[in-house]
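*Asks:* Sending over structure_21.cif (mmCIF, C-alpha atoms).
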data_upload
loop_
_atom_site.label_atom_id
_atom_site.label_comp_id
_atom_site.auth_asym_id
_atom_site.auth_seq_id
_atom_site.Cartn_x
_atom_site.Cartn_y
_atom_site.Cartn_z
CA MET A 1 -12.41 44.82 -36.97
CA LYS A 2 -9.33 46.43 -35.39
CA ARG A 3 -10.92 46.01 -31.96
CA LEU A 4 -11.59 42.32 -32.60
CA LEU A 5 -7.98 41.72 -33.71
CA THR A 6 -6.67 43.64 -30.70
CA ALA A 7 -8.78 41.54 -28.35
CA LEU A 8 -7.48 38.33 -29.94
CA LEU A 9 -3.85 39.47 -29.66
CA LEU A 10 -4.36 40.46 -26.01
CA PHE A 11 -5.82 37.02 -25.26
CA VAL A 12 -2.73 35.31 -26.75
CA CYS A 13 -0.35 37.47 -24.69
CA LEU A 14 -2.23 36.91 -21.44
CA SER A 15 -2.42 33.18 -22.14
CA ALA A 16 1.32 32.90 -22.70
CA SER A 17 2.02 34.82 -19.47
CA ALA A 18 -0.29 32.53 -17.51
CA ALA A 19 1.41 29.42 -18.85
CA GLU A 20 4.87 30.65 -17.95
CA GLY A 21 3.76 31.56 -14.43
CA ASP A 22 2.01 28.30 -13.60
CA SER A 23 4.25 26.49 -11.12
CA LEU A 24 2.30 23.28 -11.62
CA ARG A 25 3.15 23.34 -15.33
CA ARG A 26 -0.21 22.00 -16.41
CA THR A 27 -1.09 25.00 -18.53
CA GLY A 28 -0.58 25.27 -22.28
CA VAL A 29 -1.23 27.74 -25.07
CA THR A 30 -2.28 27.08 -28.67
CA VAL A 31 -2.62 29.43 -31.62
CA PHE A 32 -4.22 28.20 -34.83
CA VAL A 33 -5.51 29.10 -38.26
CA ASN A 34 -8.53 27.44 -39.85
CA PRO A 35 -9.34 28.06 -43.55
CA VAL A 36 -12.90 26.82 -44.05
CA ARG A 37 -15.67 26.43 -46.59
CA GLN A 38 -19.34 26.99 -45.91
CA ILE A 39 -21.58 23.94 -46.22
CA ALA A 40 -25.04 24.29 -47.77
CA MET A 41 -27.20 21.99 -45.67
CA ASP A 42 -30.12 21.60 -48.10
CA GLN A 43 -31.38 22.43 -51.59
CA TYR A 44 -33.03 25.64 -50.38
CA GLU A 45 -29.72 27.00 -49.07
CA ARG A 46 -27.91 25.98 -52.25
CA MET A 47 -30.27 28.25 -54.24
CA TRP A 48 -28.84 31.45 -52.72
CA LEU A 49 -25.46 30.64 -51.13
CA LYS A 50 -22.75 31.90 -53.53
CA ASP A 51 -19.14 32.38 -52.36
CA LYS A 52 -18.26 29.98 -49.56
CA ASN A 53 -14.65 30.46 -48.48
CA ALA A 54 -13.63 31.98 -45.13
CA ILE A 55 -10.77 31.83 -42.64
CA ALA A 56 -10.56 31.82 -38.84
CA PHE A 57 -7.75 32.63 -36.40
CA GLY A 58 -7.82 31.56 -32.78
CA ALA A 59 -6.00 31.04 -29.51
CA GLU A 60 -6.56 28.83 -26.47
CA ILE A 61 -5.27 28.59 -22.95
CA SER A 62 -5.57 25.02 -21.68
CA HIS A 63 -5.23 22.89 -18.56
CA THR A 64 -4.34 19.19 -18.62
CA SER A 65 -4.68 16.73 -15.74
CA LEU A 66 -1.58 14.57 -15.24
CA PRO A 67 -1.21 10.94 -14.09
CA LYS A 68 0.41 12.11 -10.85
CA ASP A 69 -2.79 14.00 -9.95
CA SER A 70 -4.53 10.74 -8.92
CA ASP A 71 -7.69 11.88 -10.70
CA ASP A 72 -9.82 8.80 -11.49
CA ILE A 73 -12.21 10.39 -13.97
CA ALA A 74 -9.34 12.12 -15.79
CA ALA A 75 -7.61 8.73 -16.01
CA ASP A 76 -10.78 7.23 -17.51
CA TYR A 77 -10.59 9.81 -20.29
CA GLY A 78 -6.84 9.34 -20.81
CA PHE A 79 -6.03 12.64 -19.06
CA PRO A 80 -7.87 15.11 -21.31
CA THR A 81 -7.36 18.82 -21.78
CA LEU A 82 -9.84 21.59 -21.01
CA ALA A 83 -9.36 24.79 -22.98
CA LEU A 84 -10.75 28.30 -22.88
CA GLY A 85 -10.53 29.65 -26.40
CA THR A 86 -11.41 32.53 -28.65
CA GLU A 87 -11.77 32.45 -32.41
CA LEU A 88 -12.17 35.23 -34.97
CA SER A 89 -13.90 34.08 -38.17
CA LEU A 90 -13.39 36.40 -41.13
CA ASN A 91 -16.50 35.65 -43.19
CA ASN A 92 -16.98 38.63 -45.47
CA GLY A 93 -16.01 36.39 -48.37
CA VAL A 94 -19.17 34.33 -47.78
CA THR A 95 -21.92 35.84 -49.92
CA MET A 96 -25.60 35.16 -50.57
CA ARG A 97 -28.02 36.38 -53.22
CA LYS A 98 -31.49 35.35 -54.30
CA ARG A 99 -32.11 35.36 -58.03
CA PRO A 100 -35.59 35.90 -59.50
CA ASP A 101 -37.58 32.74 -58.89
CA PRO A 102 -41.31 31.97 -58.41
CA ALA A 103 -40.34 30.11 -55.23
CA TRP A 104 -39.66 33.43 -53.47
CA GLY A 105 -43.31 34.57 -53.67
CA LYS A 106 -43.55 38.29 -52.91
CA ALA A 107 -39.92 38.61 -51.82
CA GLN A 108 -38.19 41.23 -53.97
CA THR A 109 -34.71 40.54 -55.31
CA VAL A 110 -31.95 43.10 -54.74
CA ASP A 111 -28.96 44.22 -56.81
CA TYR A 112 -26.22 43.38 -54.28
CA ASP A 113 -24.68 40.37 -52.54
CA SER A 114 -25.41 39.89 -48.86
CA LYS A 115 -22.48 38.93 -46.61
CA LEU A 116 -22.19 36.72 -43.57
CA GLY A 117 -19.96 39.10 -41.61
CA ASP A 118 -17.19 38.36 -39.12
CA ILE A 119 -17.88 36.42 -35.90
CA LEU A 120 -15.87 36.49 -32.67
CA SER A 121 -16.45 33.37 -30.53
CA LEU A 122 -15.61 32.48 -26.94
CA TYR A 123 -15.81 28.81 -26.01
CA LEU A 124 -14.88 25.97 -23.70
CA GLY A 125 -13.10 23.07 -25.41
CA PHE A 126 -12.65 19.44 -24.35
CA TYR A 127 -9.76 17.50 -25.95
CA ARG A 128 -9.61 13.75 -25.39
CA PRO A 129 -6.37 11.99 -26.43
CA LEU A 130 -6.55 8.83 -28.51
CA LEU A 131 -2.77 8.33 -28.74
CA ARG A 132 0.24 9.78 -26.94
CA THR A 133 3.86 8.92 -27.69
CA ARG A 134 7.15 10.80 -27.36
CA LYS A 135 6.67 12.36 -30.80
CA TRP A 136 2.96 12.14 -31.59
CA GLU A 137 -0.35 13.01 -29.98
CA ILE A 138 -3.76 12.39 -31.61
CA ASP A 139 -7.00 13.62 -30.07
CA TYR A 140 -10.57 14.58 -30.84
CA HIS A 141 -12.35 17.58 -29.42
CA LEU A 142 -15.68 19.28 -28.76
CA LYS A 143 -16.24 23.01 -28.32
CA ALA A 144 -19.25 24.96 -27.07
CA GLY A 145 -19.74 28.65 -26.43
CA ILE A 146 -21.14 31.87 -27.80
CA GLY A 147 -20.37 34.06 -30.79
CA TYR A 148 -20.84 37.72 -31.65
CA GLY A 149 -21.39 38.72 -35.28
CA SER A 150 -20.41 42.02 -36.86
CA HIS A 151 -23.07 41.91 -39.59
CA VAL A 152 -26.39 40.05 -39.58
CA TYR A 153 -29.63 39.88 -41.52
CA ASN A 154 -31.34 43.23 -42.09
CA ARG A 155 -33.46 44.86 -44.79
CA GLU A 156 -31.01 47.65 -45.52
CA ASP A 157 -27.82 45.92 -46.72
CA ASP A 158 -27.94 42.20 -45.81
CA ILE A 159 -31.40 41.04 -46.86
CA ASP A 160 -30.38 37.66 -48.31
CA ASN A 161 -28.28 36.62 -45.30
CA GLU A 162 -30.53 33.83 -44.03
CA LEU A 163 -27.67 32.18 -42.12
CA ILE A 164 -27.51 34.45 -39.07
CA GLY A 165 -30.33 36.64 -37.76
CA SER A 166 -28.88 37.97 -34.48
CA LYS A 167 -25.54 39.36 -33.37
CA LEU A 168 -25.35 36.93 -30.44
CA THR A 169 -25.18 33.26 -31.47
CA ILE A 170 -24.60 29.80 -30.05
CA PHE A 171 -21.31 28.19 -31.14
CA PHE A 172 -20.49 24.50 -31.44
CA GLY A 173 -17.37 22.85 -32.84
CA ALA A 174 -15.95 19.35 -33.25
CA GLY A 175 -12.82 17.95 -34.83
CA VAL A 176 -9.74 15.75 -34.78
CA ARG A 177 -6.06 16.72 -34.80
CA ALA A 178 -2.58 15.22 -34.72
CA THR A 179 0.36 16.98 -33.05
CA TYR A 180 4.03 16.35 -33.85
CA ARG A 181 6.39 17.20 -31.00
CA LEU A 182 9.07 19.61 -32.25
CA SER A 183 10.72 19.75 -28.83
CA ARG A 184 9.93 19.05 -25.19
CA ASP A 185 7.60 22.08 -24.93
CA TRP A 186 6.46 22.77 -28.50
CA GLY A 187 4.34 20.91 -31.03
CA LEU A 188 2.92 21.51 -34.50
CA SER A 189 -0.66 20.32 -34.99
CA ALA A 190 -2.91 19.71 -37.99
CA GLY A 191 -6.42 18.38 -38.26
CA LEU A 192 -9.97 18.83 -39.50
CA GLU A 193 -12.64 20.90 -37.79
CA PHE A 194 -16.39 21.50 -38.16
CA GLY A 195 -18.04 24.59 -36.73
CA HIS A 196 -21.58 25.89 -36.36
CA HIS A 197 -23.14 29.21 -35.35
CA SER A 198 -26.88 29.71 -35.03
CA ASN A 199 -29.54 31.54 -33.06
CA GLY A 200 -31.04 28.45 -31.42
CA ALA A 201 -34.43 29.63 -32.83
CA LEU A 202 -34.26 32.69 -30.55
CA ASP A 203 -34.39 34.93 -33.64
CA ARG A 204 -34.95 34.75 -37.40
CA PRO A 205 -33.54 33.89 -39.84
CA ASN A 206 -32.02 30.77 -38.33
CA LYS A 207 -30.54 28.55 -41.04
CA GLY A 208 -27.24 28.71 -39.19
CA GLU A 209 -23.77 28.84 -40.70
CA ASN A 210 -21.89 25.54 -40.96
CA HIS A 211 -18.25 25.35 -41.99
CA LEU A 212 -15.62 22.67 -42.42
CA GLY A 213 -11.91 22.89 -43.09
CA PRO A 214 -8.34 22.02 -42.10
CA VAL A 215 -6.84 23.53 -38.98
CA VAL A 216 -3.11 24.11 -38.34
CA GLY A 217 -1.73 25.21 -34.99
CA LEU A 218 1.35 25.79 -32.85
CA ARG A 219 1.10 24.35 -29.33
CA TYR A 220 3.08 25.23 -26.22
CA SER A 221 2.66 22.42 -23.67
CA PRO A 222 5.49 22.25 -21.12
CA TYR A 223 3.65 19.51 -19.21
CA TYR A 224 3.57 17.05 -22.13
CA GLU A 225 6.28 14.62 -20.95
CA ALA A 226 4.44 14.23 -17.63
CA THR A 227 1.36 12.93 -19.50
CA LEU A 228 3.43 9.87 -20.58
CA GLU A 229 4.00 8.70 -17.02
CA ARG A 230 2.33 5.53 -15.82
CA PRO A 231 -1.10 6.44 -14.40
CA HIS A 232 -2.07 5.65 -10.85
CA ARG A 233 -4.25 2.66 -10.08
CA ARG A 234 -7.86 3.73 -10.38
CA ALA A 235 -10.40 2.97 -7.70
CA PRO A 236 -13.13 0.54 -8.76
CA PHE A 237 -16.46 2.06 -9.78
CA ARG A 238 -19.79 0.59 -8.75
CA SER A 239 -22.74 1.38 -11.00
CA PHE A 240 -25.95 2.78 -9.57
CA TRP A 241 -29.44 3.83 -10.66
CA TYR A 242 -31.00 7.21 -10.07
CA GLY A 243 -33.93 9.32 -11.19
CA GLU A 244 -34.19 12.90 -12.37
CA VAL A 245 -36.92 15.50 -12.51
CA ALA A 246 -36.04 18.47 -14.70
CA ALA A 247 -37.96 21.67 -15.37
CA GLY A 248 -37.08 23.99 -18.20
CA VAL A 249 -38.14 27.35 -19.57
CA GLY A 250 -37.14 28.41 -23.03
CA ALA A 251 -37.93 30.76 -25.86
CA LYS A 252 -38.32 30.67 -29.63
CA THR A 253 -39.44 32.59 -32.66
CA LEU A 254 -41.74 30.98 -35.23
CA LEU A 255 -40.66 29.70 -38.62
CA GLU A 256 -44.26 30.34 -39.69
CA ASP A 257 -43.86 34.07 -38.93
CA TRP A 258 -40.63 34.16 -40.92
CA GLN A 259 -42.21 32.51 -43.95
CA LEU A 260 -45.21 34.85 -43.81
CA THR A 261 -43.13 38.05 -43.74
CA GLN A 262 -40.59 36.79 -46.29
CA PHE A 263 -42.77 35.36 -49.03
CA GLU A 264 -46.41 36.36 -48.44
CA THR A 265 -46.27 40.02 -47.38
CA ASP A 266 -46.60 42.87 -49.90
CA PRO A 267 -43.44 44.97 -50.47
CA ASP A 268 -45.19 48.11 -49.18
CA ASP A 269 -46.18 46.39 -45.93
CA PRO A 270 -44.03 47.47 -42.91
CA ASP A 271 -43.52 43.78 -42.06
CA HIS A 272 -42.24 42.83 -45.52
CA ARG A 273 -39.03 40.83 -44.96
CA THR A 274 -38.78 42.25 -41.45
CA SER A 275 -36.01 41.44 -38.97
CA ARG A 276 -38.25 41.77 -35.91
CA PHE A 277 -40.07 38.70 -34.59
CA ARG A 278 -42.04 37.99 -31.47
CA LEU A 279 -40.41 35.73 -28.88
CA TYR A 280 -42.63 32.98 -27.45
CA THR A 281 -42.20 30.99 -24.24
CA ALA A 282 -41.69 27.22 -24.25
CA TRP A 283 -41.92 25.12 -21.07
CA SER A 284 -40.75 21.56 -20.47
CA LEU A 285 -40.78 18.87 -17.81
CA GLN A 286 -38.67 15.70 -17.81
CA ALA A 287 -38.83 12.58 -15.67
CA ASN A 288 -35.86 10.27 -16.28
CA VAL A 289 -34.56 6.94 -15.02
CA MET A 290 -30.77 6.69 -15.47
CA CYS A 291 -27.98 4.20 -14.81
CA ARG A 292 -24.49 5.56 -14.03
CA TYR A 293 -22.58 2.50 -15.24
CA ALA A 294 -19.20 4.25 -15.50
CA ARG A 295 -17.58 7.31 -14.00
CA ARG A 296 -17.84 8.93 -17.40
CA TRP A 297 -21.32 7.95 -18.55
CA ALA A 298 -24.92 7.43 -17.62
CA SER A 299 -27.72 6.24 -19.90
CA GLY A 300 -31.44 5.73 -19.49
CA PHE A 301 -34.86 6.77 -20.70
CA GLY A 302 -37.50 9.31 -19.79
CA ALA A 303 -40.80 11.00 -20.48
CA ASP A 304 -40.87 14.57 -21.81
CA VAL A 305 -43.76 17.00 -21.56
CA PHE A 306 -43.71 20.24 -23.57
CA TYR A 307 -45.96 23.29 -23.42
CA GLY A 308 -45.72 25.84 -26.22
CA SER A 309 -47.38 29.21 -25.61
CA TYR A 310 -47.23 29.86 -29.35
CA SER A 311 -49.83 27.27 -30.46
CA HIS A 312 -52.56 29.92 -30.72
CA ARG A 313 -50.39 31.93 -33.14
CA VAL A 314 -49.80 28.82 -35.27
CA GLU A 315 -53.55 28.27 -35.35
CA GLU A 316 -54.12 31.88 -36.44
CA LEU A 317 -51.69 31.47 -39.32
CA ASP A 318 -53.27 28.19 -40.41
CA GLN A 319 -56.69 29.86 -40.47
CA LEU A 320 -55.20 32.75 -42.45
CA HIS A 321 -54.18 30.21 -45.08
CA GLY A 322 -57.56 28.52 -45.03
CA ILE A 323 -56.27 25.39 -43.28
CA THR A 324 -58.95 24.06 -40.95
CA ASP A 325 -58.43 20.29 -41.01
CA VAL A 326 -55.48 20.13 -38.55
CA SER A 327 -55.47 20.20 -34.76
CA HIS A 328 -53.67 22.62 -32.46
CA SER A 329 -52.61 22.05 -28.88
CA PRO A 330 -49.94 23.70 -26.73
CA TRP A 331 -49.14 20.29 -25.18
CA SER A 332 -46.74 17.69 -26.58
CA LEU A 333 -45.65 14.39 -25.05
CA GLY A 334 -42.65 12.20 -25.93
CA LEU A 335 -40.52 9.29 -24.82
CA ALA A 336 -36.75 9.60 -25.18
CA ALA A 337 -33.50 7.68 -24.83
CA LYS A 338 -31.09 9.70 -22.68
CA HIS A 339 -27.31 9.77 -22.37
CA GLU A 340 -24.97 11.99 -20.37
CA ALA A 341 -21.17 12.22 -20.42
CA PHE A 342 -19.53 13.55 -17.22
CA TYR A 343 -16.21 15.20 -16.50
CA HIS A 344 -16.10 16.20 -12.86
CA ASN A 345 -19.05 18.60 -12.39
CA LEU A 346 -19.49 19.37 -16.08
CA SER A 347 -21.62 17.16 -18.28
CA LEU A 348 -22.90 16.93 -21.83
CA ALA A 349 -26.50 15.68 -21.98
CA MET A 350 -28.07 14.23 -25.13
CA SER A 351 -31.39 12.63 -25.92
CA LEU A 352 -33.35 11.29 -28.87
CA GLY A 353 -37.10 11.14 -28.49
CA VAL A 354 -40.25 10.24 -30.36
CA TYR A 355 -43.53 12.11 -29.98
CA LEU A 356 -46.51 10.24 -28.58
CA TYR A 357 -48.69 13.31 -28.99
CA ARG A 358 -48.04 16.54 -30.88
CA GLU A 359 -50.61 18.74 -32.63
CA MET A 360 -48.82 21.92 -33.64
CA GLY A 361 -50.49 22.73 -36.95
CA SER A 362 -49.81 22.17 -40.62
CA SER A 363 -46.21 23.42 -40.71
CA ALA A 364 -45.18 20.98 -37.99
CA LYS A 365 -46.74 18.09 -39.90
CA GLU A 366 -44.85 19.05 -43.06
CA ILE A 367 -41.47 20.09 -41.67
CA GLU A 368 -41.00 18.44 -38.29
CA LYS A 369 -40.12 14.80 -37.94
CA PRO A 370 -41.94 12.46 -35.52
CA TYR A 371 -38.75 12.49 -33.44
CA TYR A 372 -36.76 15.22 -31.71
CA GLU A 373 -33.29 15.75 -30.29
CA ARG A 374 -31.91 17.58 -27.27
CA ILE A 375 -28.34 18.52 -26.45
CA GLY A 376 -27.00 20.69 -23.68
CA ILE A 377 -24.25 21.51 -21.21
CA HIS A 378 -24.92 21.18 -17.48
CA TYR A 379 -23.13 21.84 -14.21
CA THR A 380 -23.68 19.77 -11.05
CA MET A 381 -23.50 21.43 -7.62
CA PRO A 382 -22.58 18.75 -5.05
CA ARG A 383 -23.16 21.09 -2.12
CA LEU A 384 -26.79 21.40 -3.20
CA GLY A 385 -27.38 17.67 -3.22
CA GLY A 386 -26.37 17.18 -6.85
CA LEU A 387 -28.71 19.85 -8.24
CA LYS A 388 -27.86 20.59 -11.88
CA VAL A 389 -28.30 23.74 -13.92
CA GLY A 390 -27.75 23.97 -17.65
CA ALA A 391 -28.90 24.98 -21.08
CA ASN A 392 -30.35 22.81 -23.87
CA VAL A 393 -31.23 23.21 -27.50
CA LYS A 394 -34.20 21.14 -28.66
CA ALA A 395 -34.26 20.38 -32.39
CA HIS A 396 -35.93 18.42 -35.17
CA LEU A 397 -33.37 16.72 -37.41
CA THR A 398 -30.71 19.22 -36.15
CA LYS A 399 -32.97 22.24 -36.91
CA ALA A 400 -33.47 24.17 -33.69
CA ASP A 401 -36.95 24.25 -32.19
CA TYR A 402 -36.12 26.32 -29.11
CA THR A 403 -33.41 27.06 -26.52
CA GLU A 404 -34.06 26.49 -22.81
CA LEU A 405 -32.58 26.86 -19.33
CA VAL A 406 -33.01 23.74 -17.17
CA VAL A 407 -32.84 22.89 -13.47
CA THR A 408 -32.53 19.17 -12.65
CA VAL A 409 -33.18 17.52 -9.28
CA PRO A 410 -31.65 14.02 -8.81
CA ILE A 411 -33.41 11.19 -6.98
CA THR A 412 -31.09 8.43 -5.76
CA PHE A 413 -32.35 4.84 -6.09
CA SER A 414 -29.22 3.00 -4.96
CA LYS A 415 -26.10 3.93 -3.06
CA LYS A 416 -23.29 5.52 -5.06
CA ASN A 417 -19.70 4.33 -5.04
#
How does this structure look as structure tokens?

*Replies:*
Amino acid sequence: MKRLLTALLLFVCLSASAAEGDSLRRTGVTVFVNPVRQIAMDQYERMWLKDKNAIAFGAEISHTSLPKDSDDIAADYGFPTLALGTELSLNNGVTMRKRPDPAWGKAQTVDYDSKLGDILSLYLGFYRPLLRTRKWEIDYHLKAGIGYGSHVYNREDDIDNELIGSKLTIFFGAGVRATYRLSRDWGLSAGLEFGHHSNGALDRPNKGENHLGPVVGLRYSPYYEATLERPHRRAPFRSFWYGEVAAGVGAKTLLEDWQLTQFETDPDDPDHRTSRFRLYTAWSLQANVMCRYARRWASGFGADVFYGSYSHRVEELDQLHGITDVSHSPWSLGLAAKHEAFYHNLSLAMSLGVYLYREMGSSAKEIEKPYYERIGIHYTMPRLGGLKVGANVKAHLTKADYTELVVTVPITFSKKN
């Protein structure tokens, strides 16, 4: 814990030094505190989640584009702020414990409370202003990054921690805030923030921790008055159509394996409530037709093909349970609506699809929905003809199915602006 606090303090000091030394005065620093409460996402989680209160401390170094920069896409967003941040979540007050219940099957109860453990996160944040005046600024924000947990699920002393199953996690945050300008350079902010850490189905357990709470911060932004200047006249944008072919390779662990070892394995079995699960490969191919109708956005539709190397294992488990009336195939096919938000070479890609074909056993029929979601962060490389690389999480009703790395090749249909 001392090392984590030292790292956070060092980040704040380096950030402040960078801001003071930036001759362009576009750099700011924010420190904040975020008391939160864990959210139980379903009835199952409510059965064992006990104490829910936690607190987080964080710091960010940020860069804001200014009207005088003549940046068209920044002007479209109202001159947003990009931030590199770190956050230390003190979660030992979040406890879990399963009480005797027939629903747990062969899982044995223990005589102690499991704890979530502290998490140190590193992330990239995007703040888009909704209002800027001499005294007030209101914005919303998105954050994405990684987290590292000090204490995760294990059979020795954290056996009921079904929130986090691996030390390395995926982090996502979203929120709104209002900042009151105390002086030319300083502001006091307050808002509401949601945060999420999970394994992306790369390990088990994978319920994920979800928290919500107020956030209060102190902001140093010596550039702020320059954001109030009249923006330059933006160049017109001409929409265009293009295609994409994307190939992805991902990985996942099986919920079916987790359920087997948790609730159906004898206590004297080495795999009883184990923390070790096999990782399976998941492949994907996308073919999309998109319209870039604004500098910021593109929307379209596409066909998705999935290949899951784990289908044979799902079939084995179904046969183990005497289930023989369902089909199993490694192939799945879907159609999806696609949307992508761009900021220079960074983009946030989202899609919502419906399966045309999916035969992944009994558990999929019971738990999965007929639709799926994808969300990911991508980076475009103009020097390579617009080739994109990125990472996605595929999910069913926000529950992660697998995490993948993706390479996307664009196909231009009409001339760009």

*Asks:* Need to verify the contact set: region 227-234 of chain A, 7 Å, all atoms listed in the file, exclusion of same-chain residues closer than 5 positions in sequence. Can you return it as a VMD selection string?

*Replies:* chain A and resid 66 to 68 70 72

*Asks:* Work out how far apart CA of Asp304 (chain A) and CA of Ser332 (chain A) are and give it in Å to one decimal.

*Replies:* 8.2 Å

*Asks:* Please write the residues picked by the PyMOL selection byres ((chain A and resi 81) around 6) on this file as a ChimeraX atom specification.

*Replies:* /A:63-64,80,82,126-127

*Asks:* Write out the residues from the selection above, keeping C-alpha atoms, as a PDB file, in the coordinates of the input.

*Replies:*
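To be explicit, this is the file written out as again_23.pdb:
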ATOM      1  CA  HIS A  63      -5.230  22.890 -18.560  1.00  0.00           C
ATOM      2  CA  THR A  64      -4.340  19.190 -18.620  1.00  0.00           C
ATOM      3  CA  PRO A  80      -7.870  15.110 -21.310  1.00  0.00           C
ATOM      4  CA  LEU A  82      -9.840  21.590 -21.010  1.00  0.00           C
ATOM      5  CA  PHE A 126     -12.650  19.440 -24.350  1.00  0.00           C
ATOM      6  CA  TYR A 127      -9.760  17.500 -25.950  1.00  0.00           C
TER       7      TYR A 127
END

*Asks:* What residues have an atom no more than 6 Å from (-28.6, 19.4, -4.9) in the file's own frame, counting all atoms listed in the file, and can you write them as a ChimeraX atom specification?

*Replies:* /A:384-387

*Asks:* Using all atoms listed in the file, which of the listed residues (A:Gly105, A:Phe79, A:Trp186, A:Asn288) sits closest to Ser65 (chain A)?

*Replies:*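 Closest residue, counting all atoms listed in the file: A:Phe79.
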
*Asks:* The PyMOL selection byres ((chain A and resi 295-297) around 7) on the file shown: which residues, as number ranges by chain?

*Replies:* A: 73, 237, 292-294, 298-299, 340-343

*Asks:* Given the choices A:His378, A:Lys106, A:Arg132, A:His196, which gets closest to Leu348 (chain A) if the distance is worked out from all atoms listed in the file?

*Replies:*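 For Leu348 (chain A), the nearest of the candidates is A:His378.
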